[in-house]
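Listing of structure.tsv; format and content: TSV, C-alpha atoms.
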chain	number	residue	atom	x	y	z
A	1	MET	CA	14.81	-14.49	6.32
A	2	LYS	CA	15.99	-11.00	7.13
A	3	ILE	CA	13.50	-8.57	5.62
A	4	LEU	CA	13.52	-4.81	5.16
A	5	ILE	CA	9.99	-3.41	5.17
A	6	THR	CA	9.78	0.27	4.28
A	7	GLY	CA	6.78	2.23	5.52
A	8	THR	CA	6.34	0.31	8.79
A	9	ALA	CA	4.78	3.30	10.54
A	10	GLY	CA	2.21	3.19	7.76
A	11	PHE	CA	-1.00	1.22	7.51
A	12	ILE	CA	-0.05	-1.84	5.45
A	13	GLY	CA	3.59	-1.86	6.57
A	14	TYR	CA	2.54	-2.07	10.22
A	15	HIS	CA	0.33	-5.10	9.58
A	16	LEU	CA	2.90	-6.83	7.35
A	17	ALA	CA	5.72	-6.38	9.88
A	18	ASN	CA	3.61	-8.04	12.57
A	19	ARG	CA	2.77	-10.95	10.26
A	20	MET	CA	6.39	-11.55	9.25
A	21	LEU	CA	7.52	-11.43	12.89
A	22	GLN	CA	4.88	-14.01	13.76
A	23	GLU	CA	6.37	-16.21	11.03
A	24	GLY	CA	9.77	-16.01	12.75
A	25	HIS	CA	11.53	-13.69	10.31
A	26	GLU	CA	13.87	-10.90	11.33
A	27	VAL	CA	12.40	-7.52	10.36
A	28	VAL	CA	14.00	-4.12	9.98
A	29	GLY	CA	11.34	-1.43	9.63
A	30	LEU	CA	12.02	1.93	8.00
A	31	ASP	CA	9.82	5.02	7.89
A	32	SER	CA	10.32	8.77	7.61
A	33	ILE	CA	7.27	9.48	9.82
A	34	ASN	CA	6.33	12.55	7.77
A	35	ASN	CA	3.36	14.74	8.64
A	36	TYR	CA	1.17	14.00	5.61
A	37	TYR	CA	-1.38	12.85	8.17
A	38	ASP	CA	-1.61	12.64	11.98
A	39	VAL	CA	1.83	11.66	13.27
A	40	SER	CA	0.36	10.36	16.52
A	41	LEU	CA	-1.43	7.59	14.58
A	42	LYS	CA	1.89	6.50	13.06
A	43	ILE	CA	3.47	6.53	16.50
A	44	GLY	CA	0.50	4.56	17.80
A	45	ARG	CA	1.12	1.84	15.21
A	46	LEU	CA	4.77	1.61	16.17
A	47	GLU	CA	3.98	1.46	19.86
A	48	SER	CA	1.38	-1.22	19.19
A	49	ALA	CA	4.13	-3.20	17.45
A	50	GLY	CA	6.39	-2.83	20.51
A	51	ILE	CA	8.61	0.09	19.50
A	52	GLN	CA	9.38	2.23	22.53
A	53	ARG	CA	9.20	6.03	22.42
A	54	ASN	CA	11.76	8.31	23.97
A	55	GLN	CA	10.12	10.90	26.24
A	56	ILE	CA	11.74	13.86	24.43
A	57	ALA	CA	10.21	13.72	20.93
A	58	TYR	CA	8.89	11.25	18.41
A	59	LYS	CA	12.03	11.65	16.30
A	60	GLU	CA	13.94	9.95	19.10
A	61	LEU	CA	12.21	6.58	18.74
A	62	LEU	CA	14.36	3.87	20.22
A	63	GLN	CA	15.46	1.15	17.82
A	64	SER	CA	14.12	-1.68	19.94
A	65	ARG	CA	11.18	-4.00	20.42
A	66	THR	CA	9.53	-5.79	23.32
A	67	GLN	CA	10.16	-9.08	21.51
A	68	PRO	CA	13.30	-9.99	19.56
A	69	GLY	CA	13.51	-9.74	15.83
A	70	TYR	CA	12.27	-6.21	15.07
A	71	GLN	CA	14.33	-3.05	14.69
A	72	PHE	CA	12.85	0.28	13.64
A	73	ILE	CA	14.85	3.03	11.93
A	74	GLN	CA	13.58	6.49	11.04
A	75	MET	CA	14.97	7.47	7.65
A	76	ARG	CA	13.95	9.27	4.46
A	77	LEU	CA	14.28	7.34	1.20
A	78	GLU	CA	15.81	10.43	-0.36
A	79	ASP	CA	18.79	10.10	2.02
A	80	GLU	CA	20.78	7.87	-0.31
A	81	ALA	CA	23.96	7.71	1.79
A	82	SER	CA	22.13	6.54	4.92
A	83	LEU	CA	20.05	4.07	2.91
A	84	ASN	CA	23.15	2.54	1.33
A	85	ARG	CA	24.81	2.26	4.74
A	86	LEU	CA	21.71	0.51	6.09
A	87	PHE	CA	21.79	-2.07	3.29
A	88	ARG	CA	25.51	-2.72	3.75
A	89	GLU	CA	25.19	-3.19	7.51
A	90	HIS	CA	22.20	-5.52	7.48
A	91	GLN	CA	22.62	-7.62	4.33
A	92	PHE	CA	18.90	-8.18	3.78
A	93	ASP	CA	17.52	-11.20	1.97
A	94	ILE	CA	14.24	-9.58	0.92
A	95	VAL	CA	13.02	-6.00	0.55
A	96	CYS	CA	9.32	-5.16	0.71
A	97	HIS	CA	8.96	-1.54	-0.32
A	98	LEU	CA	5.68	-0.04	0.89
A	99	ALA	CA	6.84	3.48	1.75
A	100	ALA	CA	5.51	6.17	-0.56
A	101	GLN	CA	3.81	9.52	-0.64
A	102	ALA	CA	0.22	8.33	-0.74
A	103	GLY	CA	-3.04	9.97	-1.80
A	104	VAL	CA	-4.46	10.94	-5.17
A	105	ARG	CA	-5.89	14.34	-4.24
A	106	TYR	CA	-2.82	15.56	-2.37
A	107	SER	CA	-0.76	15.02	-5.53
A	108	LEU	CA	-2.66	17.92	-7.12
A	109	LYS	CA	-1.46	20.22	-4.33
A	110	ASN	CA	2.08	19.01	-3.70
A	111	PRO	CA	3.47	17.19	-6.75
A	112	LYS	CA	7.08	17.57	-5.60
A	113	ALA	CA	6.47	15.26	-2.65
A	114	TYR	CA	5.56	12.47	-5.08
A	115	ILE	CA	8.56	13.05	-7.31
A	116	GLN	CA	10.94	12.96	-4.35
A	117	SER	CA	9.50	10.02	-2.42
A	118	ASN	CA	7.94	7.84	-5.10
A	119	ILE	CA	10.43	8.29	-7.91
A	120	VAL	CA	13.74	9.52	-6.45
A	121	GLY	CA	13.27	7.40	-3.31
A	122	PHE	CA	12.33	4.32	-5.33
A	123	GLY	CA	15.40	4.84	-7.50
A	124	HIS	CA	17.55	4.73	-4.37
A	125	ILE	CA	15.84	1.49	-3.27
A	126	LEU	CA	16.54	-0.09	-6.67
A	127	GLU	CA	20.20	0.91	-6.58
A	128	ALA	CA	20.63	-0.42	-3.04
A	129	CYS	CA	18.99	-3.71	-4.02
A	130	ARG	CA	21.19	-3.97	-7.10
A	131	TYR	CA	24.48	-3.52	-5.27
A	132	ASN	CA	23.56	-5.63	-2.25
A	133	LYS	CA	22.37	-8.74	-4.11
A	134	ILE	CA	18.80	-8.65	-2.80
A	135	LYS	CA	17.02	-11.91	-3.62
A	136	HIS	CA	13.59	-10.36	-4.20
A	137	LEU	CA	12.19	-6.82	-4.24
A	138	VAL	CA	8.43	-6.67	-3.69
A	139	TYR	CA	6.96	-3.18	-4.07
A	140	ALA	CA	3.60	-1.43	-3.84
A	141	SER	CA	1.98	-0.21	-7.02
A	142	SER	CA	-1.64	0.92	-7.18
A	143	SER	CA	-4.96	0.41	-8.92
A	144	SER	CA	-4.63	4.11	-9.81
A	145	VAL	CA	-2.34	3.15	-12.71
A	146	TYR	CA	-5.43	2.06	-14.69
A	147	GLY	CA	-6.40	5.71	-15.07
A	148	LEU	CA	-8.83	6.26	-17.95
A	149	ASN	CA	-9.24	2.54	-18.56
A	150	LYS	CA	-12.99	1.82	-18.85
A	151	LYS	CA	-12.80	-1.97	-19.21
A	152	THR	CA	-13.62	-3.90	-16.04
A	153	PRO	CA	-12.46	-5.84	-14.19
A	154	PHE	CA	-9.02	-4.25	-14.46
A	155	SER	CA	-6.52	-6.79	-15.73
A	156	THR	CA	-2.74	-6.78	-15.69
A	157	GLN	CA	-3.11	-7.55	-19.42
A	158	ASP	CA	-4.49	-4.03	-19.94
A	159	HIS	CA	-2.16	-1.25	-21.03
A	160	VAL	CA	-1.93	1.54	-18.44
A	161	ASP	CA	-0.67	4.55	-20.32
A	162	HIS	CA	-3.28	7.18	-19.38
A	163	PRO	CA	-2.99	8.02	-15.65
A	164	VAL	CA	-5.21	10.80	-14.26
A	165	SER	CA	-3.06	11.85	-11.28
A	166	LEU	CA	0.63	12.32	-10.59
A	167	TYR	CA	0.32	9.68	-7.86
A	168	ALA	CA	-0.79	7.17	-10.50
A	169	ALA	CA	1.99	8.28	-12.85
A	170	SER	CA	4.58	7.81	-10.10
A	171	LYS	CA	3.37	4.25	-9.47
A	172	LYS	CA	3.46	3.40	-13.17
A	173	SER	CA	6.98	4.85	-13.19
A	174	ASN	CA	7.93	2.43	-10.41
A	175	GLU	CA	6.82	-0.52	-12.54
A	176	LEU	CA	8.89	0.72	-15.49
A	177	MET	CA	11.93	1.37	-13.32
A	178	ALA	CA	11.63	-2.06	-11.70
A	179	HIS	CA	11.48	-3.78	-15.08
A	180	THR	CA	14.62	-1.96	-16.19
A	181	TYR	CA	16.56	-3.23	-13.16
A	182	SER	CA	15.18	-6.73	-13.62
A	183	HIS	CA	16.25	-6.68	-17.26
A	184	LEU	CA	19.67	-5.05	-16.89
A	185	PHE	CA	20.84	-6.44	-13.55
A	186	GLY	CA	18.76	-9.58	-13.00
A	187	LEU	CA	17.08	-8.13	-9.89
A	188	PRO	CA	13.89	-10.16	-9.23
A	189	THR	CA	11.02	-7.68	-8.77
A	190	THR	CA	7.30	-8.11	-8.13
A	191	GLY	CA	4.87	-5.19	-8.18
A	192	LEU	CA	1.45	-5.42	-6.52
A	193	ARG	CA	-1.33	-3.08	-7.56
A	194	PHE	CA	-3.31	-2.50	-4.35
A	195	PHE	CA	-7.06	-1.86	-4.58
A	196	THR	CA	-8.61	0.43	-1.89
A	197	VAL	CA	-7.22	-1.15	1.25
A	198	TYR	CA	-9.15	-0.65	4.52
A	199	GLY	CA	-9.13	-1.99	8.06
A	200	PRO	CA	-7.92	-1.23	11.61
A	201	TRP	CA	-5.09	1.33	11.84
A	202	GLY	CA	-6.01	2.67	8.36
A	203	ARG	CA	-5.10	6.06	6.94
A	204	PRO	CA	-7.19	9.08	8.04
A	205	ASP	CA	-7.50	10.34	4.45
A	206	MET	CA	-9.29	7.18	3.28
A	207	ALA	CA	-13.07	7.12	2.77
A	208	ILE	CA	-13.90	4.65	5.55
A	209	PHE	CA	-11.98	6.73	8.10
A	210	LEU	CA	-13.52	10.04	6.98
A	211	PHE	CA	-17.04	8.60	6.80
A	212	THR	CA	-16.87	6.83	10.16
A	213	LYS	CA	-15.50	9.90	11.92
A	214	ALA	CA	-18.17	12.18	10.43
A	215	ILE	CA	-21.09	9.80	11.04
A	216	LEU	CA	-20.13	9.24	14.69
A	217	ASN	CA	-19.85	13.00	15.20
A	218	ASP	CA	-23.16	13.80	13.44
A	219	GLN	CA	-21.39	15.64	10.63
A	220	PRO	CA	-22.15	15.41	6.89
A	221	ILE	CA	-20.03	13.19	4.64
A	222	LYS	CA	-18.93	14.26	1.16
A	223	VAL	CA	-20.19	11.81	-1.45
A	224	PHE	CA	-18.50	12.47	-4.78
A	225	ASN	CA	-19.93	11.84	-8.25
A	226	TYR	CA	-23.30	11.98	-6.48
A	227	GLY	CA	-22.66	8.48	-5.15
A	228	ASP	CA	-22.23	6.92	-8.58
A	229	MET	CA	-18.88	5.33	-7.72
A	230	ARG	CA	-17.73	1.76	-7.25
A	231	ARG	CA	-14.60	0.51	-5.51
A	232	ASP	CA	-12.89	-2.84	-4.98
A	233	PHE	CA	-12.59	-2.54	-1.19
A	234	THR	CA	-9.92	-4.92	0.13
A	235	TYR	CA	-9.46	-5.76	3.80
A	236	VAL	CA	-5.91	-5.35	5.06
A	237	ASP	CA	-5.57	-8.97	6.25
A	238	ASP	CA	-6.23	-10.17	2.69
A	239	ILE	CA	-3.54	-7.79	1.41
A	240	VAL	CA	-1.04	-9.02	3.99
A	241	GLU	CA	-1.80	-12.66	3.15
A	242	GLY	CA	-1.07	-11.92	-0.52
A	243	LEU	CA	2.15	-10.10	0.35
A	244	HIS	CA	3.24	-12.97	2.58
A	245	ARG	CA	2.78	-15.44	-0.28
A	246	VAL	CA	4.48	-13.26	-2.90
A	247	ILE	CA	7.52	-12.41	-0.76
A	248	ALA	CA	8.42	-16.10	-0.46
A	249	LYS	CA	8.45	-16.76	-4.21
A	250	GLU	CA	10.70	-14.71	-6.44
A	251	PRO	CA	9.71	-14.32	-10.10
A	252	LEU	CA	11.57	-16.27	-12.76
A	253	VAL	CA	12.34	-15.43	-16.37
A	254	THR	CA	9.37	-16.35	-18.57
A	255	ALA	CA	10.70	-18.88	-21.05
A	256	GLY	CA	9.63	-18.17	-24.63
A	257	TRP	CA	8.17	-14.77	-23.81
A	258	GLN	CA	7.48	-12.97	-27.08
A	259	GLY	CA	6.95	-9.41	-25.94
A	260	PRO	CA	4.34	-7.16	-24.26
A	261	GLU	CA	1.83	-7.77	-27.02
A	262	VAL	CA	1.62	-11.34	-25.65
A	263	ASP	CA	1.72	-10.66	-21.88
A	264	VAL	CA	2.42	-7.21	-20.43
A	265	ALA	CA	2.62	-8.49	-16.84
A	266	LYS	CA	5.56	-10.83	-17.52
A	267	SER	CA	8.95	-10.46	-19.17
A	268	SER	CA	12.09	-12.13	-20.38
A	269	ALA	CA	13.49	-10.67	-17.13
A	270	PRO	CA	12.63	-11.87	-13.57
A	271	TYR	CA	9.73	-9.43	-13.32
A	272	ARG	CA	6.02	-9.68	-12.50
A	273	VAL	CA	3.08	-7.35	-11.86
A	274	TYR	CA	-0.13	-8.50	-10.14
A	275	ASN	CA	-3.42	-6.99	-9.02
A	276	ILE	CA	-4.25	-7.58	-5.38
A	277	GLY	CA	-7.84	-6.84	-4.42
A	278	ASN	CA	-11.09	-8.34	-3.26
A	279	ASN	CA	-12.15	-9.22	-6.81
A	280	THR	CA	-15.49	-7.44	-6.23
A	281	SER	CA	-16.71	-3.96	-7.18
A	282	VAL	CA	-18.97	-2.41	-4.50
A	283	LYS	CA	-21.27	0.59	-4.88
A	284	LEU	CA	-20.11	3.53	-2.77
A	285	LEU	CA	-23.62	3.92	-1.33
A	286	ASP	CA	-23.59	0.26	-0.24
A	287	PHE	CA	-20.25	0.89	1.45
A	288	ILE	CA	-21.74	3.85	3.31
A	289	GLU	CA	-24.71	1.70	4.30
A	290	ALA	CA	-22.32	-0.87	5.83
A	291	ILE	CA	-20.72	1.91	7.92
A	292	GLU	CA	-24.16	3.11	9.01
A	293	GLU	CA	-25.03	-0.41	10.13
A	294	ALA	CA	-21.75	-0.81	12.04
A	295	THR	CA	-22.06	2.57	13.79
A	296	GLY	CA	-25.82	2.37	14.35
A	297	LYS	CA	-26.21	5.89	12.93
A	298	LYS	CA	-27.44	7.35	9.63
A	299	ALA	CA	-25.11	9.40	7.43
A	300	GLN	CA	-25.85	12.97	6.41
A	301	LYS	CA	-24.83	12.95	2.74
A	302	GLU	CA	-23.51	15.98	0.86
A	303	MET	CA	-23.74	14.96	-2.80
A	304	LEU	CA	-20.95	16.47	-4.91
A	305	PRO	CA	-19.50	16.13	-8.44
A	306	ILE	CA	-16.49	13.88	-9.08
A	307	GLN	CA	-13.12	15.30	-8.04
A	308	ALA	CA	-10.13	15.81	-10.30
A	309	GLY	CA	-7.93	12.70	-10.31
A	310	ASP	CA	-10.75	10.34	-9.31
A	311	VAL	CA	-12.12	7.47	-11.40
A	312	GLU	CA	-15.68	6.15	-11.31
A	313	GLU	CA	-14.85	2.49	-10.72
A	314	THR	CA	-12.09	0.13	-9.68
A	315	TYR	CA	-12.41	-3.64	-9.94
A	316	ALA	CA	-9.50	-6.08	-9.68
A	317	ASP	CA	-9.04	-9.17	-11.78
A	318	VAL	CA	-6.86	-11.22	-9.41
A	319	SER	CA	-6.92	-14.45	-11.42
A	320	SER	CA	-3.16	-14.45	-12.00
A	321	LEU	CA	-2.46	-14.02	-8.27
A	322	MET	CA	-4.86	-16.86	-7.54
A	323	ARG	CA	-3.19	-19.06	-10.15
A	324	ASP	CA	0.41	-18.40	-9.15
A	325	PHE	CA	0.05	-18.11	-5.36
A	326	GLY	CA	-3.29	-19.62	-4.36
A	327	TYR	CA	-4.43	-16.17	-3.24
A	328	GLN	CA	-8.07	-16.00	-2.18
A	329	PRO	CA	-9.55	-12.90	-0.46
A	330	LYS	CA	-11.72	-13.97	2.48
A	331	MET	CA	-13.14	-10.91	4.23
A	332	ASN	CA	-16.67	-9.83	3.31
A	333	LEU	CA	-17.49	-6.13	3.34
A	334	LYS	CA	-19.88	-6.00	6.32
A	335	GLU	CA	-17.52	-7.91	8.62
A	336	GLY	CA	-14.50	-5.90	7.48
A	337	VAL	CA	-16.28	-2.57	8.01
A	338	SER	CA	-17.51	-3.74	11.42
A	339	ARG	CA	-13.95	-4.60	12.46
A	340	PHE	CA	-12.73	-1.17	11.38
A	341	VAL	CA	-15.49	0.64	13.26
A	342	ASP	CA	-14.81	-1.42	16.39
A	343	TRP	CA	-11.13	-0.48	16.20
A	344	TYR	CA	-11.92	3.19	15.53
A	345	GLN	CA	-14.26	3.48	18.50
A	346	GLY	CA	-11.81	1.67	20.75
A	347	TYR	CA	-8.83	3.76	19.65
A	348	TYR	CA	-10.52	7.18	19.64
A	349	GLY	CA	-13.04	6.49	22.40
A	350	ASN	CA	-16.13	7.44	20.34
For this file, write the structure as C-alpha cells.
Amino acid sequence: MKILITGTAGFIGYHLANRMLQEGHEVVGLDSINNYYDVSLKIGRLESAGIQRNQIAYKELLQSRTQPGYQFIQMRLEDEASLNRLFREHQFDIVCHLAAQAGVRYSLKNPKAYIQSNIVGFGHILEACRYNKIKHLVYASSSSVYGLNKKTPFSTQDHVDHPVSLYAASKKSNELMAHTYSHLFGLPTTGLRFFTVYGPWGRPDMAIFLFTKAILNDQPIKVFNYGDMRRDFTYVDDIVEGLHRVIAKEPLVTAGWQGPEVDVAKSSAPYRVYNIGNNTSVKLLDFIEAIEEATGKKAQKEMLPIQAGDVEETYADVSSLMRDFGYQPKMNLKEGVSRFVDWYQGYYGN
C-alpha cells in the first residue's frame, strides 16, 4: 500500500512509519515540525529514520531516505492548497492521521493552536480524503475525551460529552467530523483513543520524560493531586501494533444498527471508534517507583494539587479492539520504563 502518515516527526508517527516500511509499504511522511517542544528531538527522529538534513537549516530537510520507500515532506495541515496538491500527486491508498497540537495543559495557554491544527487541519484532511477516494482514514483520538466520566474502565459505549480541556474537545470534534464524512460520503474512518503512550523517542512534555530528566539531574519532580492519580500507561510498540492491525481492515457498515442508544462506537456508516491502551490502571506513585528503579536514584517529590484540565484516572477497556483485531498489549510497566530510561540515557548522555 501507499500510506500517508501525518506527524512523522512526532513520537508515534516516527515509530509507525518505521513499522510500515518494514512491512514493505510505501510511506509518505508529513509534519510541520513546529516548536511546541524541542525541534532537535523531532529532527533526531527523522534522522534516525534515514531522512537527511540539509546543512543550512532544519526547514530544508531533503525529501529522501537511506532506503527506498520513504519520502518526508514538511507541511502545515492548515495549508489546504499544498495538502490537496500532495493528495493529487501521490494517490494514497490509506491515510493515518497522527499530526495534532498535543498536550492538555498547553491548551489552556494557547487555544488557537488547537483550533487551527486539530479542527481546521483535520477538516482539510477529511476533504482531501473525500475527493481522492481514500480507502481508509485512521486517525488519533484521545483518552482525554472521557473528561468528567467517573466510570472505569473507560468504554467506547460511554457517552463523552463533558470534556475538561480544549484538547479533549478538539479530539471529540474529530470523531464527530469523521462520522459526518463516513455518513455523507462513505469515507471509511476509524478513530483510536490513545491512552498515555510512552517509550523511546517520547515527547518531552510527558510525565516519564519530565520525571526521568529531573531524577537523573537530582531535581524535584512535580507530583500532582498529591500522587493520587492513576493512568493507563501504554508502551509505544503496543500502540503501533494496534495501528498496524487497524490500518489493514477498513470498517464496514453495521447491518441492523439501531442508533447510538444501542452502540455509540458503531454506525450505519463505515465508522468505528476504539480505545487503545494497556488495559491496566497504574498508580502514579508506582510509575515513579519504576523510574526510580530503572535510574537507580530516588525521586525528590514536590506534592501539588491537581491541575486544571487533568483527570484523576484513565483506564482503557480495549475488549472491542481485542475482539475485532486480536489486539493484545504485551509490554509490562517495569520493562517499558527500563527501555525508555535506557534510550534517554543513551540519547542525552546522562
### Who sits within 12 Å of Val337 in chain A, all atoms listed in the file, same chain under 3 positions skipped, as a ChimeraX atom specification
/A:197-200,202,207-209,211-212,233-236,286-295,331-334,340-344
## Note on the structure
re CA of Glu26 in chain A and CA of Lys2 in chain A: distance 4.7 Å
### Task
Could you give me, as a ChimeraX atom specification, the residues within 12 Å of His159 in chain A, counting all atoms listed in the file and dropping anything in the same chain fewer than 6 positions from it?
/A:145-151,172,260-265
### d(CA of Pro188 in chain A, CA of Ala81 in chain A) in Å
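According to the coordinates, CA of Pro188 in chain A and CA of Ala81 in chain A are separated by 23.3 Å.
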### Interatomic distance, CA of Leu243 in chain A to CA of Ser268 in chain A (Å, one decimal)
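Atom-to-atom, CA of Leu243 in chain A to CA of Ser268 in chain A, that is 23.1 Å.
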### Message
Applying 12 Å and only C-alpha atoms, which residues near Asp38 in chain A remain after dropping the ones on its own chain fewer than 6 positions away? List them as a ChimeraX atom specification.
### Response
/A:9-10,44-45,201-205
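Using only C-alpha atoms for every distance, the candidate list A:Ala17, A:Phe194, A:Glu250, A:Ala255 yields A:Phe194 as the residue closest to Tyr315 in chain A.
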